[in-house]
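Asks: Here it is: the structure, laid out below.
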Amino acid sequence: MTKTLIVTGGAGFIGANFLHLLRRERPDWKLVNLDALTYAGNLENLTELEGHPGYRFVHGDITRPEDIESAFTAARELGGGVSLVHFAAESHVDRSIRSGLPFVQTNVVGTQLLLDAARAHGVERFVHVSTDEVYGSLGESGYFTEETPLAPNSPYSASKAASDMLVRAAVHTHGFPALTTRCSNNYGPYQFPEKLIPLMISKAQDGEPLPVYGDGKNVRDWLYVVDHCEAILAVLERGRVGEVYNIGGHNEYENLAIVRRVLSELGKSEDLIRFVKDRPGHDRRYAIDASKIGRELGWKPRHRFEEALPLTIEWYRTHASWLQRVRNGAYREYLTRQYGG
Ligand code: NAD
Ligand code: TDX
């Protein structure tokens, strides 16, 4: 099995958790992290990896072919056959509603450039990290399977669906060794506090109002980020090339139930809840059928929501300075130090 891995977007939420998992579980692997450090990228997510001889950070953008080349050069210097796990993306639905173009640039154009470079360099395996949102919205019942037709509803999910199609085309046309994962909503350490759970934790801690979109009855299928990372590792090592694997935990909750739980864990009053204008085109319900990855790769989530949500809240409480530095912008100091702007 490959010992050198290029990870794109490793300074973001899931990518950072994945790099930490690999350091623990595959300590002999060499790791290259290619990340543009957009607002969502935070090198403070990776301080434990800094200076490690088998780890290289490449500050680069997947929409720039020369930056992708730099990552392959770093991988070559580390030696061994190369595989790639592709997390880098614009990932926030609300931002995509305000402005779709960066989503097309990174998620669509960036993914194609990465596929071209990875093919030219003969990567052994390429895991494309996608999302359940490409399937659109469910009614009261049913689950997304890998055969559910794609019906994305936001500029974010449309750009992810487009990237999935480009990966599919690379497999079909060029016999490129790619695999695609589609996971439900993640929560856990290092998540940027624009997403529901860390936003609500952060606001509740500060006694600020908690904005709940619409009637609060939209349903998401929540998975602890470490479970997602373990699933990606299983797909990387043992998945069948060309296949799509859904990942999820059968853990559906209405948004309002999540917000109430956060408040109750923190001992705060529900008076902080504010119902606000709905997200335009807001998907009603996501729920994943993850039986294929269970059957084929033996993966199943190890963390129960009832335990992992309190663990997550505790992580944000004990990492108050991480949260504060994200909220006040101090986590961007690295860029100023390095590049003077
Ligand atoms: P994130 O927004 O926290 O992190 C994205 C990372 O990508 C950041 O470090 C950012 O700097 C980097 N990046 C963005 N544009 C780049 C570019 N042009 N070149 C290089 N790097 C760039 O995202 P996340 O929540 O960690 O999601 C990671 C992946 O998982 C995404 O592809 C997302 O679609 C997918 N996903 C996320 C969830 C979830 O609940 N968060 C669920 C399913 C799938
Ligand atoms: O302030 C809020 N109030 C609110 O009610 C925010 C930020 C969200 N919400 C609702 C909207 C959604 O129904 O909470 C739910 C979750 O919202 P997000 O955290 O923005 O996640 P979602 O839109 O479901 O998308 C996420 O899951 C799939 C990630 O951001 C994607 O990257 C991933 O692909």
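Labeling convention for the structure tokens: chains A, B, ... as they appear, residues from 1 per chain, ligands from 1 in order of appearance.
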Counting only C-alpha atoms and all ligand atoms, which residues of chain A sit at most 6 Å from some atom of ligand 2, and what is each one's closest atom pair with its distance in Å to one decimal, listed by chain and rising residue number, as CSV?

Replies:
residue,atom,partner,partner_atom_place_in_ligand_line,distance
A:Ser91,CA,ligand 2,32 (O),4.1
A:His92,CA,ligand 2,30 (O),4.6
A:Val93,CA,ligand 2,23 (O),5.2
A:Thr131,CA,ligand 2,34 (O),4.5
A:Glu133,CA,ligand 2,34 (O),5.9
A:Ser184,CA,ligand 2,28 (C),5.8
A:Asn185,CA,ligand 2,27 (O),4.0
A:Glu194,CA,ligand 2,7 (C),5.5
A:Lys195,CA,ligand 2,19 (O),3.5
A:Leu196,CA,ligand 2,19 (O),3.8
A:Pro211,CA,ligand 2,1 (O),5.0
A:Val212,CA,ligand 2,5 (O),3.7
A:Tyr213,CA,ligand 2,5 (O),3.8
A:Asn218,CA,ligand 2,13 (O),5.2
A:Asn255,CA,ligand 2,14 (O),5.6

Asks: Find the residues around stretch 59-66 of chain A up to 7 Å (only C-alpha atoms counted), leave out those fewer than 6 positions away in its own chain, and share them as a list in words.

Replies: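 Counting only C-alpha atoms, the residues come to Leu34, Asp35, Ala36, Gln105, Thr106, Val109, Gly110, Leu113 and Leu114 of chain A.
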
Asks: How about saving the chosen residues, all heavy atoms kept, as a compact mmCIF listing (two decimals), in the first residue's frame?

Replies:
# COMPACT_ATOMS: atom_id res chain seq x y z
N LEU A 34 -1.71 20.17 0.79
CA LEU A 34 -1.82 21.30 -0.16
C LEU A 34 -3.06 22.10 0.20
O LEU A 34 -4.19 21.60 0.06
CB LEU A 34 -1.93 20.76 -1.60
CG LEU A 34 -2.25 21.79 -2.69
CD1 LEU A 34 -1.15 22.84 -2.83
CD2 LEU A 34 -2.48 21.10 -4.04
N ASP A 35 -2.85 23.33 0.66
CA ASP A 35 -4.00 24.12 1.11
C ASP A 35 -3.76 25.60 0.80
O ASP A 35 -2.68 26.13 1.03
CB ASP A 35 -4.22 23.93 2.62
CG ASP A 35 -5.61 24.36 3.06
OD1 ASP A 35 -5.95 25.56 2.91
OD2 ASP A 35 -6.37 23.50 3.55
N ALA A 36 -4.79 26.26 0.30
CA ALA A 36 -4.69 27.68 -0.08
C ALA A 36 -4.84 28.61 1.12
O ALA A 36 -4.64 29.82 1.00
CB ALA A 36 -5.75 28.02 -1.12
N GLN A 105 -15.06 27.85 -9.17
CA GLN A 105 -13.60 27.88 -9.39
C GLN A 105 -12.90 26.76 -8.62
O GLN A 105 -12.19 25.96 -9.20
CB GLN A 105 -13.04 29.25 -9.00
CG GLN A 105 -13.18 30.22 -10.17
CD GLN A 105 -13.20 31.69 -9.75
OE1 GLN A 105 -13.33 32.02 -8.58
NE2 GLN A 105 -13.08 32.57 -10.73
N THR A 106 -13.12 26.70 -7.33
CA THR A 106 -12.39 25.69 -6.54
C THR A 106 -12.98 24.29 -6.75
O THR A 106 -12.25 23.34 -7.04
CB THR A 106 -12.40 26.06 -5.03
OG1 THR A 106 -11.51 27.14 -4.85
CG2 THR A 106 -11.97 24.89 -4.16
N VAL A 109 -13.42 23.71 -11.26
CA VAL A 109 -12.17 23.89 -12.02
C VAL A 109 -10.99 23.27 -11.27
O VAL A 109 -10.18 22.53 -11.84
CB VAL A 109 -11.91 25.40 -12.30
CG1 VAL A 109 -10.58 25.59 -13.02
CG2 VAL A 109 -13.06 26.00 -13.10
N GLY A 110 -10.93 23.53 -9.95
CA GLY A 110 -9.84 22.98 -9.13
C GLY A 110 -9.81 21.47 -9.18
O GLY A 110 -8.75 20.85 -9.29
N LEU A 113 -8.40 20.30 -12.54
CA LEU A 113 -6.94 20.49 -12.62
C LEU A 113 -6.21 19.44 -11.79
O LEU A 113 -5.17 18.90 -12.19
CB LEU A 113 -6.57 21.90 -12.15
CG LEU A 113 -6.96 23.02 -13.12
CD1 LEU A 113 -6.80 24.39 -12.48
CD2 LEU A 113 -6.11 22.94 -14.40
N LEU A 114 -6.78 19.12 -10.65
CA LEU A 114 -6.18 18.11 -9.78
C LEU A 114 -6.23 16.73 -10.44
O LEU A 114 -5.26 15.96 -10.39
CB LEU A 114 -6.97 18.11 -8.47
CG LEU A 114 -6.30 17.70 -7.18
CD1 LEU A 114 -5.04 18.52 -6.91
CD2 LEU A 114 -7.30 17.89 -6.04

Asks: A:Arg304, A:Arg284, A:Arg119, A:Arg279: which is nearest A:Val82, counting only C-alpha atoms?

Replies: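 Ranking A:Arg304, A:Arg284, A:Arg119, A:Arg279 by distance to A:Val82, first place goes to A:Arg119.
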
Asks: Write out as JSON, numbers by chain each polymer residue whose atoms come within 12 Å of A:Arg240, counting only C-alpha atoms; drop sequence neighbours fewer than 2 positions from it.

Replies: {"A": [125, 126, 127, 171, 177, 178, 179, 180, 181, 234, 235, 236, 237, 238, 242, 243, 244, 245, 292, 293, 296, 297]}

Asks: Next, the residues of the selection above should be written as a compact mmCIF listing (two decimals), in the first residue's frame with C-alpha atoms.

Replies:
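The file below, result17.txt, is the result:
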# COMPACT_ATOMS: atom_id res chain seq x y z
CA ARG A 125 -5.48 6.06 -5.86
CA PHE A 126 -7.50 9.28 -5.72
CA VAL A 127 -10.29 9.67 -3.17
CA VAL A 171 -12.62 6.89 -14.35
CA PRO A 177 -8.16 5.07 -10.20
CA ALA A 178 -10.61 7.36 -8.39
CA LEU A 179 -13.17 6.62 -5.68
CA THR A 180 -15.86 9.00 -4.40
CA THR A 181 -17.34 9.34 -0.91
CA ALA A 234 -11.15 2.47 4.60
CA VAL A 235 -12.17 3.65 1.12
CA LEU A 236 -8.60 4.76 0.34
CA GLU A 237 -7.13 1.42 1.40
CA ARG A 238 -9.79 -1.09 0.45
CA GLY A 242 -14.61 3.71 -9.69
CA GLU A 243 -17.15 3.20 -6.92
CA VAL A 244 -19.13 5.72 -4.87
CA TYR A 245 -19.52 5.11 -1.10
CA LYS A 292 -22.72 -0.44 1.00
CA ILE A 293 -19.61 0.72 2.88
CA GLU A 296 -18.03 -4.07 1.45
CA LEU A 297 -15.50 -2.48 3.79

Asks: Give me, as a count of residues only, the residues of stretch 118-180 of chain A that a backbone DSSP run labels helix (DSSP H, G or I).

Replies: 27

Asks: Can you pull out the residues contacting A:Ser163? Cut-off 10 Å, using only C-alpha atoms, and skip same-chain residues under 4 positions away; I want them as a PyMOL selection string.

Replies: chain A and resi 104+106-112+128-130+157-159+167-169

Asks: For the residues in that selection, give me all heavy atoms as a CSV table (one decimal), in the first residue's frame.

Replies:
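Saved result, out-v8.csv, follows:
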chain,number,residue,atom,x,y,z
A,104,VAL,N,-17.5,27.4,-8.1
A,104,VAL,CA,-17.3,26.8,-9.4
A,104,VAL,C,-15.7,26.8,-9.6
A,104,VAL,O,-15.2,25.8,-10.0
A,104,VAL,CB,-17.9,27.6,-10.5
A,104,VAL,CG1,-17.5,27.1,-11.9
A,104,VAL,CG2,-19.5,27.6,-10.3
A,106,THR,N,-13.1,26.7,-7.3
A,106,THR,CA,-12.4,25.7,-6.5
A,106,THR,C,-13.0,24.3,-6.7
A,106,THR,O,-12.2,23.3,-7.0
A,106,THR,CB,-12.4,26.1,-5.0
A,106,THR,OG1,-11.5,27.1,-4.9
A,106,THR,CG2,-12.0,24.9,-4.2
A,107,ASN,N,-14.3,24.2,-6.6
A,107,ASN,CA,-14.9,22.8,-6.5
A,107,ASN,C,-14.9,22.2,-7.9
A,107,ASN,O,-14.7,20.9,-8.0
A,107,ASN,CB,-16.3,22.9,-5.9
A,107,ASN,CG,-16.3,23.4,-4.5
A,107,ASN,OD1,-15.2,23.8,-4.0
A,107,ASN,ND2,-17.4,23.6,-3.9
A,108,VAL,N,-15.1,23.0,-9.0
A,108,VAL,CA,-15.2,22.4,-10.3
A,108,VAL,C,-13.9,22.5,-11.0
A,108,VAL,O,-13.2,21.5,-11.4
A,108,VAL,CB,-16.3,23.1,-11.1
A,108,VAL,CG1,-16.5,22.3,-12.5
A,108,VAL,CG2,-17.7,23.0,-10.4
A,109,VAL,N,-13.4,23.7,-11.3
A,109,VAL,CA,-12.2,23.9,-12.0
A,109,VAL,C,-11.0,23.3,-11.3
A,109,VAL,O,-10.2,22.5,-11.8
A,109,VAL,CB,-11.9,25.4,-12.3
A,109,VAL,CG1,-10.6,25.6,-13.0
A,109,VAL,CG2,-13.1,26.0,-13.1
A,110,GLY,N,-10.9,23.5,-10.0
A,110,GLY,CA,-9.8,23.0,-9.1
A,110,GLY,C,-9.8,21.5,-9.2
A,110,GLY,O,-8.8,20.8,-9.3
A,111,THR,N,-11.0,20.8,-9.1
A,111,THR,CA,-11.0,19.4,-9.1
A,111,THR,C,-10.5,18.8,-10.5
A,111,THR,O,-9.8,17.9,-10.5
A,111,THR,CB,-12.4,18.9,-8.8
A,111,THR,OG1,-12.8,19.3,-7.5
A,111,THR,CG2,-12.5,17.4,-8.9
A,112,GLN,N,-10.9,19.5,-11.6
A,112,GLN,CA,-10.4,19.0,-12.9
A,112,GLN,C,-8.9,19.2,-13.0
A,112,GLN,O,-8.3,18.3,-13.5
A,112,GLN,CB,-11.1,19.8,-14.0
A,112,GLN,CG,-10.8,19.3,-15.4
A,112,GLN,CD,-11.1,17.8,-15.6
A,112,GLN,OE1,-12.3,17.4,-15.4
A,112,GLN,NE2,-10.2,17.0,-16.1
A,128,HIS,N,-12.0,11.2,-3.8
A,128,HIS,CA,-12.7,12.5,-3.9
A,128,HIS,C,-13.8,12.5,-2.8
A,128,HIS,O,-14.7,11.7,-2.8
A,128,HIS,CB,-13.4,12.5,-5.3
A,128,HIS,CG,-14.3,13.7,-5.5
A,128,HIS,ND1,-13.8,15.0,-5.4
A,128,HIS,CD2,-15.6,13.8,-5.8
A,128,HIS,CE1,-14.8,15.8,-5.6
A,128,HIS,NE2,-15.9,15.1,-5.9
A,129,VAL,N,-13.6,13.5,-2.0
A,129,VAL,CA,-14.5,13.6,-0.8
A,129,VAL,C,-15.7,14.5,-1.2
A,129,VAL,O,-15.6,15.7,-1.3
A,129,VAL,CB,-13.8,14.2,0.4
A,129,VAL,CG1,-14.7,14.3,1.6
A,129,VAL,CG2,-12.6,13.4,0.8
A,130,SER,N,-16.9,13.9,-1.4
A,130,SER,CA,-18.0,14.7,-1.8
A,130,SER,C,-19.1,14.6,-0.6
A,130,SER,O,-18.7,14.4,0.5
A,130,SER,CB,-18.6,14.1,-3.1
A,130,SER,OG,-19.6,15.0,-3.5
A,157,SER,N,-23.9,22.7,-3.6
A,157,SER,CA,-24.1,21.2,-3.9
A,157,SER,C,-24.0,21.0,-5.4
A,157,SER,O,-23.6,20.0,-5.9
A,157,SER,CB,-25.4,20.7,-3.3
A,157,SER,OG,-26.5,21.5,-3.7
A,158,ALA,N,-24.4,22.0,-6.2
A,158,ALA,CA,-24.3,21.9,-7.7
A,158,ALA,C,-22.8,21.8,-8.1
A,158,ALA,O,-22.5,21.0,-9.0
A,158,ALA,CB,-25.0,23.1,-8.4
A,159,SER,N,-22.0,22.6,-7.4
A,159,SER,CA,-20.6,22.5,-7.8
A,159,SER,C,-20.0,21.2,-7.3
A,159,SER,O,-19.1,20.7,-8.0
A,159,SER,CB,-19.8,23.7,-7.2
A,159,SER,OG,-19.8,23.7,-5.8
A,167,VAL,N,-15.0,13.4,-11.8
A,167,VAL,CA,-14.3,12.3,-11.3
A,167,VAL,C,-14.8,11.0,-12.1
A,167,VAL,O,-14.0,10.2,-12.5
A,167,VAL,CB,-14.5,12.2,-9.8
A,167,VAL,CG1,-13.9,10.8,-9.3
A,167,VAL,CG2,-13.8,13.3,-9.1
A,168,ARG,N,-16.1,10.9,-12.2
A,168,ARG,CA,-16.7,9.8,-12.8
A,168,ARG,C,-16.2,9.7,-14.3
A,168,ARG,O,-15.8,8.6,-14.8
A,168,ARG,CB,-18.3,9.9,-12.8
A,168,ARG,CG,-19.0,8.9,-13.6
A,168,ARG,CD,-20.5,9.3,-13.7
A,168,ARG,NE,-21.0,8.7,-14.9
A,168,ARG,CZ,-21.6,7.6,-15.0
A,168,ARG,NH1,-21.8,6.8,-14.0
A,168,ARG,NH2,-22.1,7.1,-16.2
A,169,ALA,N,-16.1,10.8,-15.0
A,169,ALA,CA,-15.7,10.8,-16.4
A,169,ALA,C,-14.2,10.4,-16.5
A,169,ALA,O,-13.8,9.7,-17.4
A,169,ALA,CB,-15.9,12.3,-16.9

Asks: Counting only C-alpha atoms and all ligand atoms, figure out which residue out of A:Val219, A:Val32, A:Ala170, A:Ile247 gets nearest to ligand 1.

Replies: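 Of A:Val219, A:Val32, A:Ala170, A:Ile247, the one nearest ligand 1 is A:Ile247, counting only C-alpha atoms and all ligand atoms.
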